[in-house]
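Trainee: This is start_29.cif (mmCIF, C-alpha atoms).
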```
data_model
loop_
_atom_site.label_atom_id
_atom_site.label_comp_id
_atom_site.auth_asym_id
_atom_site.auth_seq_id
_atom_site.Cartn_x
_atom_site.Cartn_y
_atom_site.Cartn_z
CA MET W 21 88.55 106.91 -158.51
CA ILE W 22 91.99 106.96 -160.12
CA ASP W 23 92.44 109.95 -162.41
CA HIS W 24 95.10 108.73 -164.84
CA ALA W 25 95.16 112.02 -166.75
CA ARG W 26 95.85 113.99 -163.58
CA ASP W 27 98.52 111.49 -162.61
CA LEU W 28 100.18 111.98 -165.99
CA VAL W 29 100.52 115.69 -165.20
CA SER W 30 102.10 114.78 -161.86
CA VAL W 31 104.51 112.42 -163.63
CA ARG W 32 105.58 115.18 -166.00
CA GLU W 33 106.10 117.65 -163.14
CA ALA W 34 108.09 115.12 -161.10
CA THR W 35 110.24 114.29 -164.12
CA GLU W 36 111.04 117.94 -164.68
CA ARG W 37 112.03 118.32 -161.02
CA LEU W 38 114.34 115.34 -161.28
CA LEU W 39 115.91 116.47 -164.55
CA SER W 40 116.47 120.01 -163.28
CA ALA W 41 118.14 118.71 -160.13
CA ALA W 42 120.24 116.09 -161.94
CA ALA W 43 121.43 118.69 -164.48
CA LYS W 44 123.47 120.28 -161.66
CA LEU W 45 125.62 117.12 -161.43
CA ASP W 46 128.71 116.39 -163.48
CA ASN W 47 130.08 113.23 -165.05
CA ALA W 48 131.99 112.28 -161.91
CA ASP W 49 128.86 112.65 -159.78
CA VAL W 50 127.02 110.15 -161.96
CA THR W 51 129.56 107.46 -161.12
CA GLU W 52 129.18 108.01 -157.36
CA PRO W 53 127.08 105.57 -155.30
CA SER W 54 123.37 106.24 -155.03
CA ARG W 55 121.39 105.39 -151.91
CA LEU W 56 120.47 102.02 -153.43
CA PRO W 57 122.96 99.28 -152.51
CA GLY W 58 125.19 98.38 -155.44
CA TRP W 59 123.85 101.08 -157.74
CA SER W 60 125.56 104.29 -158.83
CA ARG W 61 123.57 107.37 -159.73
CA GLY W 62 124.08 106.25 -163.31
CA HIS W 63 122.29 103.00 -162.54
CA VAL W 64 119.34 104.93 -161.13
CA LEU W 65 119.10 107.20 -164.17
CA ALA W 66 119.45 104.27 -166.56
CA HIS W 67 116.72 102.39 -164.70
CA LEU W 68 114.38 105.38 -164.90
CA ALA W 69 114.78 105.56 -168.66
CA ARG W 70 114.34 101.85 -169.23
CA ASN W 71 111.36 101.72 -166.85
CA ALA W 72 109.58 104.38 -168.91
CA ASP W 73 110.04 102.27 -172.03
CA ALA W 74 108.95 99.16 -170.14
CA LEU W 75 105.71 100.86 -169.10
CA VAL W 76 105.11 101.81 -172.73
CA ASN W 77 105.32 98.10 -173.44
CA VAL W 78 102.76 97.45 -170.71
CA LEU W 79 100.33 100.03 -172.07
CA GLU W 80 100.71 98.67 -175.61
CA GLY W 81 100.14 95.05 -174.62
CA ARG W 82 103.71 93.74 -174.79
CA PRO W 83 105.71 92.09 -172.01
CA MET W 84 107.14 94.71 -169.67
CA TYR W 85 110.65 93.31 -170.09
CA VAL W 86 111.94 90.56 -172.38
CA SER W 87 113.36 88.90 -169.27
CA ALA W 88 114.78 89.78 -165.86
CA GLU W 89 118.24 89.22 -167.28
CA ALA W 90 117.61 91.60 -170.16
CA ARG W 91 116.29 94.25 -167.75
CA ASP W 92 119.36 94.02 -165.55
CA GLY W 93 121.68 93.90 -168.55
CA ASP W 94 120.19 97.06 -170.05
CA ILE W 95 120.72 98.94 -166.77
CA GLU W 96 124.32 97.77 -166.45
CA ARG W 97 124.97 98.71 -170.09
CA ASP W 98 123.56 102.21 -169.72
CA ALA W 99 124.81 103.09 -166.22
CA PRO W 100 128.32 104.31 -167.22
CA ARG W 101 127.13 106.87 -169.77
CA PRO W 102 128.00 110.59 -169.43
CA LEU W 103 125.52 112.86 -167.70
CA ASP W 104 124.25 114.56 -170.86
CA VAL W 105 123.47 111.20 -172.46
CA GLN W 106 121.73 109.99 -169.31
CA LEU W 107 119.54 113.06 -169.05
CA ALA W 108 118.65 113.05 -172.73
CA ASP W 109 117.60 109.41 -172.42
CA VAL W 110 115.50 110.04 -169.32
CA ARG W 111 113.77 112.95 -171.05
CA ALA W 112 113.18 111.14 -174.37
CA SER W 113 111.89 107.97 -172.70
CA ALA W 114 109.63 110.08 -170.45
CA GLU W 115 108.15 111.71 -173.54
CA ARG W 116 107.56 108.29 -175.12
CA PHE W 117 105.70 107.26 -171.97
CA GLN W 118 103.60 110.43 -171.97
CA GLU W 119 102.70 109.89 -175.63
CA ALA W 120 101.70 106.27 -175.09
CA ALA W 121 99.68 107.13 -172.00
CA ALA W 122 97.87 109.98 -173.77
CA ALA W 123 96.57 107.71 -176.55
CA PRO W 124 92.86 106.85 -176.42
CA ALA W 125 92.45 103.57 -174.56
CA ASP W 126 90.26 101.52 -172.25
CA TRP W 127 91.73 102.59 -168.93
CA SER W 128 89.65 100.03 -167.05
CA ARG W 129 91.46 97.14 -168.75
CA THR W 130 93.84 94.89 -166.84
CA VAL W 131 97.51 95.02 -167.76
CA GLU W 132 100.41 92.77 -166.78
CA LEU W 133 103.60 94.07 -165.24
CA ARG W 134 106.66 92.15 -163.97
CA ASN W 135 106.54 88.72 -162.37
CA GLY W 136 102.92 88.13 -163.29
CA VAL W 137 101.65 91.16 -161.36
CA THR W 138 98.48 92.62 -162.85
CA ASP W 139 96.81 95.98 -162.31
CA SER W 140 94.34 98.37 -163.87
CA ALA W 141 95.79 100.34 -166.76
CA SER W 142 94.56 103.47 -164.99
CA ARG W 143 97.12 102.92 -162.23
CA VAL W 144 100.13 102.77 -164.58
CA PRO W 145 100.71 106.56 -164.52
CA PHE W 146 100.75 106.47 -160.72
CA ARG W 147 103.23 103.60 -160.80
CA ARG W 148 105.49 105.72 -163.01
CA TRP W 149 105.07 108.64 -160.62
CA VAL W 150 106.30 106.35 -157.83
CA GLU W 151 109.38 105.42 -159.85
CA VAL W 152 110.29 109.03 -160.56
CA GLU W 153 109.73 110.39 -157.04
CA LEU W 154 111.38 107.61 -155.04
CA HIS W 155 114.35 107.30 -157.38
CA HIS W 156 114.83 111.07 -157.23
CA VAL W 157 115.29 110.55 -153.48
CA ASP W 158 117.58 107.58 -154.19
CA LEU W 159 119.93 109.80 -156.20
CA GLY W 160 120.98 111.48 -152.96
CA ILE W 161 120.99 115.01 -154.35
CA SER W 162 119.15 116.95 -151.62
CA TYR W 163 115.66 115.69 -152.44
CA GLU W 164 114.28 113.88 -149.42
CA LEU W 165 111.12 111.99 -148.53
CA GLU W 166 109.98 115.12 -146.69
CA ASP W 167 110.12 117.00 -150.02
CA LEU W 168 107.65 114.69 -151.77
CA PRO W 169 104.20 116.10 -152.60
CA ALA W 170 101.78 115.39 -149.74
CA GLU W 171 99.25 113.78 -152.09
CA PHE W 172 101.90 111.44 -153.43
CA THR W 173 103.08 110.42 -149.96
CA GLU W 174 99.57 109.62 -148.75
CA ARG W 175 98.72 107.65 -151.88
CA GLU W 176 101.95 105.67 -151.78
CA ILE W 177 101.38 104.80 -148.12
CA ASP W 178 97.89 103.63 -149.14
CA PHE W 179 99.37 101.55 -151.95
CA LEU W 180 102.10 99.92 -149.87
CA ALA W 181 99.86 99.27 -146.88
CA ASP W 182 97.47 97.51 -149.24
CA ARG W 183 100.37 95.58 -150.79
CA PHE W 184 101.30 94.05 -147.43
CA THR W 185 97.69 93.45 -146.34
CA GLY W 186 97.07 89.75 -145.88
CA HIS W 187 100.77 88.89 -145.89
CA PRO W 188 101.19 85.97 -143.45
CA GLU W 189 104.57 87.14 -142.17
CA VAL W 190 103.42 90.66 -141.25
CA PRO W 191 101.41 90.93 -138.01
CA PRO W 192 98.13 92.85 -138.06
CA THR W 193 99.39 96.42 -137.95
CA ARG W 194 97.87 99.87 -137.63
CA LEU W 195 99.81 102.76 -139.13
CA THR W 196 99.09 106.35 -138.20
CA ASP W 197 100.60 109.79 -138.65
CA GLY W 198 98.32 111.17 -135.94
CA THR W 199 95.69 112.30 -138.41
CA ARG W 200 95.19 109.41 -140.81
CA ALA W 201 95.36 105.67 -140.23
CA TRP W 202 96.03 102.63 -142.37
CA SER W 203 95.96 98.90 -141.68
CA THR W 204 98.26 96.25 -143.08
CA GLY W 205 99.52 92.74 -142.41
CA ARG W 206 97.57 89.60 -141.61
CA GLU W 207 93.81 89.89 -141.40
CA ALA W 208 92.55 90.13 -137.80
CA ASP W 209 89.75 91.63 -135.75
CA ALA W 210 92.18 94.09 -134.17
CA PRO W 211 95.77 95.16 -134.79
CA GLU W 212 98.56 93.60 -132.74
CA VAL W 213 100.97 96.45 -133.40
CA THR W 214 100.51 100.21 -133.85
CA VAL W 215 103.20 102.16 -135.70
CA ARG W 216 103.23 105.95 -135.38
CA GLY W 217 105.32 108.49 -137.22
CA THR W 218 105.46 111.28 -139.75
CA PRO W 219 104.18 110.55 -143.25
CA ALA W 220 107.76 110.66 -144.57
CA ASP W 221 109.00 108.17 -141.97
CA LEU W 222 106.05 105.84 -142.52
CA LEU W 223 106.62 105.92 -146.27
CA GLY W 224 110.36 105.48 -145.87
CA TRP W 225 109.86 102.35 -143.78
CA LEU W 226 107.18 100.85 -146.04
CA ALA W 227 109.23 101.57 -149.18
CA GLY W 228 112.48 100.22 -147.75
CA ARG W 229 114.16 103.63 -147.74
CA ARG W 230 114.40 103.98 -143.93
CA ASP W 231 114.92 101.47 -141.16
CA GLY W 232 111.97 102.67 -139.09
CA SER W 233 114.09 103.78 -136.13
CA ALA W 234 112.26 107.12 -136.08
CA LEU W 235 108.89 105.43 -135.67
CA ALA W 236 107.10 104.78 -132.35
CA VAL W 237 105.80 101.24 -131.96
CA GLU W 238 103.23 99.88 -129.51
CA GLY W 239 102.22 96.26 -128.94
CA GLY W 240 105.43 94.61 -130.09
CA PRO W 241 108.55 95.16 -132.17
CA LEU W 242 108.49 96.98 -135.48
CA PRO W 243 107.31 94.39 -138.02
CA SER W 244 109.77 93.09 -140.58
CA LEU W 245 108.46 93.78 -144.06
CA PRO W 246 109.09 91.50 -147.05
CA PRO W 247 111.09 92.97 -149.93
CA LEU W 248 109.16 94.93 -152.54
#
```
Let me see whether you can do it: turn the structure in this file into C-alpha cells.
Mentor:
Amino acid sequence: MIDHARDLVSVREATERLLSAAAKLDNADVTEPSRLPGWSRGHVLAHLARNADALVNVLEGRPMYVSAEARDGDIERDAPRPLDVQLADVRASAERFQEAAAAPADWSRTVELRNGVTDSASRVPFRRWVEVELHHVDLGISYELEDLPAEFTEREIDFLADRFTGHPEVPPTRLTDGTRAWSTGREADAPEVTVRGTPADLLGWLAGRRDGSALAVEGGPLPSLPPL
C-alpha cells in the first residue's frame, strides 16, 4: 500500500536537504551547467519550483501545465534568477505543495498528469519525491545516486522497471542487485537478458542518469531504454 502521508514527510526532508546544499552556492554557480544537457543549475531549480505548482494543479483537478510550451517558457524565464530568489521560490512552492497534499481528499481517485498519463492521487507525493531527489543529483553539488535513501532507490527501481514492462522495444530483462530482482521489458516466459549491478547503478541506468557501463550483462547487450 502507498502511504501518501509518509511520502509527504520524505518529500519535506528531501527538499530541506536540497535547499541546505544549494544554499552553499553563489549566483555564479547557479549559471553553471547542471548534469542535464542544455540546462543550467538555474534551470533545475526553476523546474523544481514550477513542478511543485504543477502538482498542486494535479491534486486540485486542473491541468498539470497549460501547455508544453508554457511549461518550457516558465523554466526559461525563471532560470536566470539570483540564488536567493531561486531558493525562496523552491521553498514557497514546496510549501504550497505540502499544503495542497495535506488537505482531506479521496486518495484513491485517479488524477491526470502530463501527456495524458494517469495515476492514483496517492502516488503524487512519491512522484514529487522523485523530482526532488533526482534533480538534487542533477545539480552536481556532491549529492550522488549512492547518497539517496535506500527506500527511495528501491521504490524508484520498482517504478521504472514497471514503466518499461511490456514495452515492445525492450527485451525481456531481469534486473538484480544480488539481493532483490525486478523484471522489465516485453512479456515473456523467461528473461533474455540479466542485468546486475548496485542499486545506484541500476537506478542511474533506468533513470537515464548513467550509461550502464558499470553494470554486468548476461544474455545479450545492455538493452536500450526509451526516453522517460
Trainee: Quick one: which region 69-155 of chain W residues come within 9 Å of region 172-182 of chain W, and what is the nearest atom pair for each with the distance in Å to one decimal, counting all atoms listed in the file, rows ordered by chain and ascending number, as CSV?
Mentor:
```
residue,atom,partner,partner_atom,distance
W:Phe146,CA,W:Phe172,CA,8.9
W:Trp149,CA,W:Phe172,CA,8.3
W:Val150,CA,W:Glu176,CA,7.5
W:Glu153,CA,W:Phe172,CA,8.7
```
Trainee: Where does the PyMOL selection byres ((chain W and resi 69-72) around 7) land in this file, that is, which residues does it pick, as JSON, numbers by chain?
Mentor: {"W": [65, 66, 67, 68, 73, 74, 75, 76, 109, 110, 113, 114, 117]}
Trainee: Name all residues at most 7 Å from Gly217 (chain W) (count only C-alpha atoms; drop same-chain ones fewer than 3 positions away) and give them as a PyMOL selection string.
Mentor: chain W and resi 196-197+221-222+235-236
Trainee: Selection from above, C-alpha atoms, as a short mmCIF file (atom, residue, chain, number, x, y, z; two decimals), keeping the file's coordinate frame, can you write it?
Mentor:
```cif
data_model
loop_
_atom_site.label_atom_id
_atom_site.label_comp_id
_atom_site.auth_asym_id
_atom_site.auth_seq_id
_atom_site.Cartn_x
_atom_site.Cartn_y
_atom_site.Cartn_z
CA THR W 196 99.09 106.35 -138.20
CA ASP W 197 100.60 109.79 -138.65
CA ASP W 221 109.00 108.17 -141.97
CA LEU W 222 106.05 105.84 -142.52
CA LEU W 235 108.89 105.43 -135.67
CA ALA W 236 107.10 104.78 -132.35
#
```
Trainee: Expanded to explicit residues, what is the PyMOL selection byres ((chain W and resi 49) around 10) for this file, as an MDAnalysis selection string?
Mentor: chainID W and resid 42 44:48 50:54 60:62 102:103 161
Trainee: Which residue gives the smallest distance to Glu33 (chain W) among W:Val64, W:Val152, W:Ala88, W:Ala121, with only C-alpha atoms counted?
Mentor: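 Under the stated criterion, the closest residue is W:Val152.
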Trainee: Separation of CA of Leu56 (chain W) and CA of Leu133 (chain W), in Å?
Mentor: 22.1 Å
Trainee: Which is closest to Ala208 (chain W) among W:Val190, W:Ile95, W:Ala90, W:Ala170, if we use all atoms listed in the file?
Mentor: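 So, comparing all the options, the nearest one is W:Val190.
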Trainee: Rounded to one decimal in Å, what is the spacing between CA of Asp167 (chain W) and CA of Ala220 (chain W)?
Mentor: 8.7 Å
Trainee: Might you pull out every residue within 8 Å of Arg111 (chain W), with only C-alpha atoms counted and same-chain residues fewer than 4 positions away left off, and present them as a list in words?
Mentor: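 Once the nearby chain positions are removed, what remains is Thr35, Leu39, Ala69, Leu107 and Glu115 of chain W.
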Trainee: Give me the result of the PyMOL selection byres ((chain W and resi 237-239) around 10) on this file, residue by residue, as number ranges by chain.
Mentor: W: 193-195, 211-217, 232-236, 240-243
Trainee: So, counting only C-alpha atoms, which residue among W:Ser203, W:Asp126, W:Arg101, W:Val144 is closest to Gly186 (chain W)?
Mentor: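 With only C-alpha atoms as the atom set, the closest residue is W:Ser203.
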Trainee: Report, in Å with one decimal, the straight-line distance from CA of Glu80 (chain W) to CA of Val29 (chain W).
Mentor: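 Separation of CA of Glu80 (chain W) and CA of Val29 (chain W): 20.0 Å.
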Trainee: Taking all atoms of region 146-151 of chain W that the file lists and extending 5 Å past them on each side, where is the centre of the axis-aligned box and how long are its edges? Answer in Å to one decimal, as AutoDock Vina command-line options.
Mentor:
```
--center_x 105.1 --center_y 106.1 --center_z -160.4 --size_x 18.6 --size_y 15.0 --size_z 15.2
```
Trainee: Would you mind telling me which residue in W:Thr185, W:Ser128, W:Thr218, W:Ser140 lies nearest to Arg206 (chain W) when using all atoms listed in the file?
Mentor: W:Thr185
